[in-house]
Every structure is written in C-alpha cells, then in structure tokens.
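Here is the structure we will look at, set down as structure tokens.
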Amino acid sequence: ASRSGAPNLGVRLASNSSQSRSYATHQVTALENKNHWEQVYTTKANDAVSWFQEHAKRSVELITETKVPHSAAIIDVGSGASHFIDDLISQGFNKITALDLSATALASTKNRLGEKSSCVNFIAADITQIELPRHAFDVWHDRAVFHFLTEPEQRRAYVKTVLNAVKPGGHVIMATFAEDGPQKCSGLPVQRYAPHELHAEFGAPFELVHSEREIHSTPFGTEQKFIYCYCRKVGQ
C-alpha cells in the first residue's frame with residue numbers, strides 16, 4: 001500500500017482574496033503530490049520501492065481475525081501497486097476497492113491481476129478530498145498513507161471520511177511508521193506514531209482493539225519500524 005495527498009479545504013471559492021489564495025495553494029499542493037507519486041510509479045519497478053511486500057502477511061491476518069465474510073466490502077487506501085489485493089483475492093474476498101493517487105500504480109495492479117481484477121473497484125483519487133458512499137465498507141485498510149498526512153487539517157479530513165464510509169461496527173486497520181521509525185519516505189516528511197497517538201487521531205468513535213509493532217525489511221536490505229492499530233467503529 002502507499003500514500004495520499006493534501007486536502008481541498010474549500011467546498012467553494014470564497015470571495016475573500018486571502019481565502020481564495022489559500023484554496024489555490026492547497027489545489028497546487030494536491031497536484032504536486034499526485035505528480036510525485038505518478039513519477040514514482042512511472043520510473044521505479046513495483047518491487048523497487050521501500051514499502052514493497054511480496055505478501056502483505058500481517059494485514060491479511062488482521063483482516064482474517066475480524067471474521068468478516070468473503071463478501072465483506074474492503075477498501076485498501078493507498079493501494080498503489082501492492083500485492084495486498086492479490087492476497088485478498090487468493091483468500092476468497094470478492095468485493096474490494098483499491099484507492100490511490102496514482103492511476104499508473106492502479107493500472108499496474110489491474111494488469112497484473114488480469115481477469116481476477118473483475119472483483120476490484122479501482123479509484124484514482126486523493127483520500128482527503130474524495131467523498132465516498134456512506135457506510136459502504138466493512139473493513140478499511142491503510143498501510144503507509146496516514147503517516148504522510150503531516151498537517152492536522154489533512155488528518156481531520158481523512159478521519160471524517162473514515163467515519164462516514166465505514167459501517168457501524170466496521171473494522172479499521174491502520175499501519176504507520178512507529179515513533180522510532182523513519183523520518184522521511186520517498187523524499188517526503190512523515191508523521192510518526194505510538195499506538196495511543198494514532199488512536200487519538202481517530203478518537204472516541206473508534207475503539208482500539210489491538211496494536212502491535214512490526215519491523216519491515218525493505219527491498220534494499222534496510223529496516224523500517226511500523227505500528228499496526230486495529231480499531232472497531234463504535235459510533236455512527
């Protein structure tokens with residue numbers, strides 16, 4: 001899985017010129033972010049990025065532990081060209097949404113899957129800007145997007161989308177760099193978390209069920225320290 005971009009904070013252009021400049025600035029930032037990730041997936045092999053996993057073993061295990069049926073609606077945010085989608089399909093899940101900023105990355109996944117891609121809905125969009133259907137998903141999975149949201153308003157927009165899109169009682173599985181993890185990724189700054197700090201970003205509507213640490217071995221032989229938080233949505 002991978003990343004996202006900056007939010008569009010304005011629903012409409014304000015008449016105030018300073019507010020208009022702020023809106024325009026965020027629009028430019030979002031475009032730059034999208035261009036960054038398109039460049040990454042255009043110039044690098046899928047297994048030549050630091051977050052690559054041949055199999056997303058722990059993510060699949062956590063989803064299995066939720067005991068949702070194979071017909072459950074699962075969204076993978078920052079899906080990129082991850083093999084996580086392949087792993088879900090091999091486990092029998094058949095209602096999958098793969099969302100990423102990079103259309104190039106999603107096209108790579110679709111081509112790799114071939115006919116199996118028929119059970120996947122591919123969406124090229126910024127998770128802090130898109131409006132997803134209300135209560136559409138049983139499981140929300142994000143490995144390595146949220147830690148790229150370094151501004152509070154970005155994180156608020158993200159959490160608002162999760163709260164709207166996940167069904168009551170639904171499952172939210174988040175993985176970010178740990179508090180002692182890398183300070184940058186793909187040349188971009190990140191926000192690092194301890195489990196209680198990550199849960200605090202989501203607040204009372206989400207109950208923290210389980211958290212753990214993982215050391216990810218990159219294709220380059222280095223290590224990245226991650227945390228996983230598994231939450232249940234208890235609010236509406």
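Labels for the structure tokens follow display order: chains A, B, ..., residues from 1 in each chain, ligands from 1.
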- If you run DSSP on this backbone, which residues of chain A come out as alpha helix (DSSP H), and could you give them as a ChimeraX atom specification? /A:17-43,57-65,84-90,103-113,152-165,195-202
- Please provide as a ChimeraX atom specification all residues within 7 Å of stretch 97-112 of chain A, with the sequence filter that same-chain residues fewer than 2 positions apart are discarded (counting only C-alpha atoms). /A:4,34,37-38,41-42,74-81,95,114,117,120-126
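Between atom CA of A:Ile227 and atom CA of A:Ile127 lies a distance of 20.7 Å.
Using only C-alpha atoms, the protein and nucleic acid residues lying no more than 12 Å from A:Glu61, apart from those fewer than 4 places from it along its own chain, are His55, Ala56, Lys57, Glu65, Thr66, Lys67, Val68, Phe84, Asp87, Leu88, Gln91, Ile173, Tyr228 and Tyr230 of chain A.
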Please dump the current selection as a PDB file, in the first residue's frame; keep N, CA and C atoms.
```pdb
ATOM      1  N   HIS A  55       4.189 -10.358  -0.004  1.00  0.00           N
ATOM      2  CA  HIS A  55       2.877 -10.711   0.522  1.00  0.00           C
ATOM      3  C   HIS A  55       2.619  -9.866   1.768  1.00  0.00           C
ATOM      4  N   ALA A  56       1.417  -9.293   1.832  1.00  0.00           N
ATOM      5  CA  ALA A  56       1.052  -8.452   2.973  1.00  0.00           C
ATOM      6  C   ALA A  56       0.521  -9.341   4.098  1.00  0.00           C
ATOM      7  N   LYS A  57       1.420 -10.144   4.641  1.00  0.00           N
ATOM      8  CA  LYS A  57       1.039 -11.221   5.560  1.00  0.00           C
ATOM      9  C   LYS A  57       0.260 -10.713   6.772  1.00  0.00           C
ATOM     10  N   GLU A  65      -8.722 -12.115  11.121  1.00  0.00           N
ATOM     11  CA  GLU A  65      -9.102 -12.115  12.540  1.00  0.00           C
ATOM     12  C   GLU A  65     -10.390 -11.344  12.816  1.00  0.00           C
ATOM     13  N   THR A  66     -10.788 -10.448  11.907  1.00  0.00           N
ATOM     14  CA  THR A  66     -12.058  -9.736  12.093  1.00  0.00           C
ATOM     15  C   THR A  66     -13.246 -10.673  11.901  1.00  0.00           C
ATOM     16  N   LYS A  67     -13.007 -11.796  11.193  1.00  0.00           N
ATOM     17  CA  LYS A  67     -14.041 -12.795  10.904  1.00  0.00           C
ATOM     18  C   LYS A  67     -15.144 -12.264   9.982  1.00  0.00           C
ATOM     19  N   VAL A  68     -14.826 -11.273   9.164  1.00  0.00           N
ATOM     20  CA  VAL A  68     -15.812 -10.812   8.186  1.00  0.00           C
ATOM     21  C   VAL A  68     -15.933 -11.866   7.092  1.00  0.00           C
ATOM     22  N   PHE A  84      -1.115  -6.724  -1.928  1.00  0.00           N
ATOM     23  CA  PHE A  84      -2.153  -6.955  -0.917  1.00  0.00           C
ATOM     24  C   PHE A  84      -3.472  -7.339  -1.581  1.00  0.00           C
ATOM     25  N   ASP A  87      -3.413 -10.861  -2.531  1.00  0.00           N
ATOM     26  CA  ASP A  87      -3.550 -11.711  -1.341  1.00  0.00           C
ATOM     27  C   ASP A  87      -5.004 -11.808  -0.899  1.00  0.00           C
ATOM     28  N   LEU A  88      -5.728 -10.680  -0.939  1.00  0.00           N
ATOM     29  CA  LEU A  88      -7.143 -10.700  -0.554  1.00  0.00           C
ATOM     30  C   LEU A  88      -7.942 -11.613  -1.480  1.00  0.00           C
ATOM     31  N   GLN A  91      -7.493 -15.178  -0.826  1.00  0.00           N
ATOM     32  CA  GLN A  91      -8.182 -15.602   0.392  1.00  0.00           C
ATOM     33  C   GLN A  91      -9.687 -15.760   0.177  1.00  0.00           C
ATOM     34  N   ILE A 173      -8.111  -0.902  10.011  1.00  0.00           N
ATOM     35  CA  ILE A 173      -6.751  -1.418  10.227  1.00  0.00           C
ATOM     36  C   ILE A 173      -5.770  -0.421   9.637  1.00  0.00           C
ATOM     37  N   TYR A 228       0.909  -1.228  13.906  1.00  0.00           N
ATOM     38  CA  TYR A 228      -0.430  -1.541  13.406  1.00  0.00           C
ATOM     39  C   TYR A 228      -1.428  -1.263  14.515  1.00  0.00           C
ATOM     40  N   TYR A 230      -5.588  -1.864  15.147  1.00  0.00           N
ATOM     41  CA  TYR A 230      -6.862  -2.410  14.681  1.00  0.00           C
ATOM     42  C   TYR A 230      -7.956  -1.832  15.573  1.00  0.00           C
TER      43      TYR A 230
END
```
- Task: Give me the residues within 6 Å of A:His135 as an MDAnalysis selection string, counting only C-alpha atoms and dropping any in the same chain fewer than 2 places off.
- Result: chainID A and resid 137 165:167
Generate a file of the selected residues that holds all heavy atoms, formatted as an mmCIF file, in the first residue's frame.
```cif
data_model
loop_
_atom_site.group_PDB
_atom_site.id
_atom_site.type_symbol
_atom_site.label_atom_id
_atom_site.label_comp_id
_atom_site.auth_asym_id
_atom_site.auth_seq_id
_atom_site.Cartn_x
_atom_site.Cartn_y
_atom_site.Cartn_z
ATOM 1 N N PHE A 137 -18.331 0.409 3.648
ATOM 2 C CA PHE A 137 -17.265 -0.573 3.832
ATOM 3 C C PHE A 137 -17.312 -1.260 5.198
ATOM 4 O O PHE A 137 -17.540 -0.630 6.220
ATOM 5 C CB PHE A 137 -15.901 0.095 3.638
ATOM 6 C CG PHE A 137 -15.733 0.720 2.288
ATOM 7 C CD1 PHE A 137 -15.813 2.091 2.128
ATOM 8 C CD2 PHE A 137 -15.544 -0.070 1.164
ATOM 9 C CE1 PHE A 137 -15.689 2.678 0.877
ATOM 10 C CE2 PHE A 137 -15.418 0.492 -0.096
ATOM 11 C CZ PHE A 137 -15.491 1.873 -0.248
ATOM 12 N N ALA A 165 -17.556 6.576 5.787
ATOM 13 C CA ALA A 165 -17.569 5.461 4.836
ATOM 14 C C ALA A 165 -17.627 4.084 5.476
ATOM 15 O O ALA A 165 -18.070 3.123 4.839
ATOM 16 C CB ALA A 165 -16.348 5.554 3.927
ATOM 17 N N VAL A 166 -17.163 3.955 6.728
ATOM 18 C CA VAL A 166 -17.143 2.643 7.387
ATOM 19 C C VAL A 166 -18.482 2.396 8.091
ATOM 20 O O VAL A 166 -19.031 3.278 8.747
ATOM 21 C CB VAL A 166 -15.978 2.552 8.388
ATOM 22 C CG1 VAL A 166 -16.029 1.240 9.177
ATOM 23 C CG2 VAL A 166 -14.650 2.672 7.651
ATOM 24 N N LYS A 167 -18.987 1.185 7.959
ATOM 25 C CA LYS A 167 -20.254 0.828 8.585
ATOM 26 C C LYS A 167 -20.134 0.830 10.108
ATOM 27 O O LYS A 167 -19.048 0.563 10.639
ATOM 28 C CB LYS A 167 -20.687 -0.573 8.130
ATOM 29 C CG LYS A 167 -20.935 -0.700 6.636
ATOM 30 C CD LYS A 167 -21.251 -2.142 6.262
ATOM 31 C CE LYS A 167 -21.445 -2.301 4.760
ATOM 32 N NZ LYS A 167 -21.722 -3.709 4.386
#
```
Taking 4 positions as the minimum chain separation for residues in the same chain, which residues sit within 8 Å of A:Leu132 when counting only C-alpha atoms? Answer as a PDB file with N, CA, C and O atoms, in the first residue's frame.
```pdb
ATOM      1  N   ALA A 136     -20.289   2.362   3.421  1.00  0.00           N
ATOM      2  CA  ALA A 136     -20.081   1.470   2.279  1.00  0.00           C
ATOM      3  C   ALA A 136     -19.166   0.293   2.589  1.00  0.00           C
ATOM      4  O   ALA A 136     -19.227  -0.726   1.901  1.00  0.00           O
ATOM      5  N   THR A 161     -13.644  11.142   6.593  1.00  0.00           N
ATOM      6  CA  THR A 161     -14.005  10.219   5.519  1.00  0.00           C
ATOM      7  C   THR A 161     -14.164   8.792   6.043  1.00  0.00           C
ATOM      8  O   THR A 161     -15.088   8.077   5.661  1.00  0.00           O
ATOM      9  N   ASN A 164     -17.448   8.460   7.895  1.00  0.00           N
ATOM     10  CA  ASN A 164     -18.600   8.423   7.003  1.00  0.00           C
ATOM     11  C   ASN A 164     -18.696   7.097   6.247  1.00  0.00           C
ATOM     12  O   ASN A 164     -19.783   6.548   6.074  1.00  0.00           O
ATOM     13  N   ALA A 165     -17.556   6.576   5.787  1.00  0.00           N
ATOM     14  CA  ALA A 165     -17.569   5.461   4.836  1.00  0.00           C
ATOM     15  C   ALA A 165     -17.627   4.084   5.476  1.00  0.00           C
ATOM     16  O   ALA A 165     -18.070   3.123   4.839  1.00  0.00           O
TER      17      ALA A 165
END
```
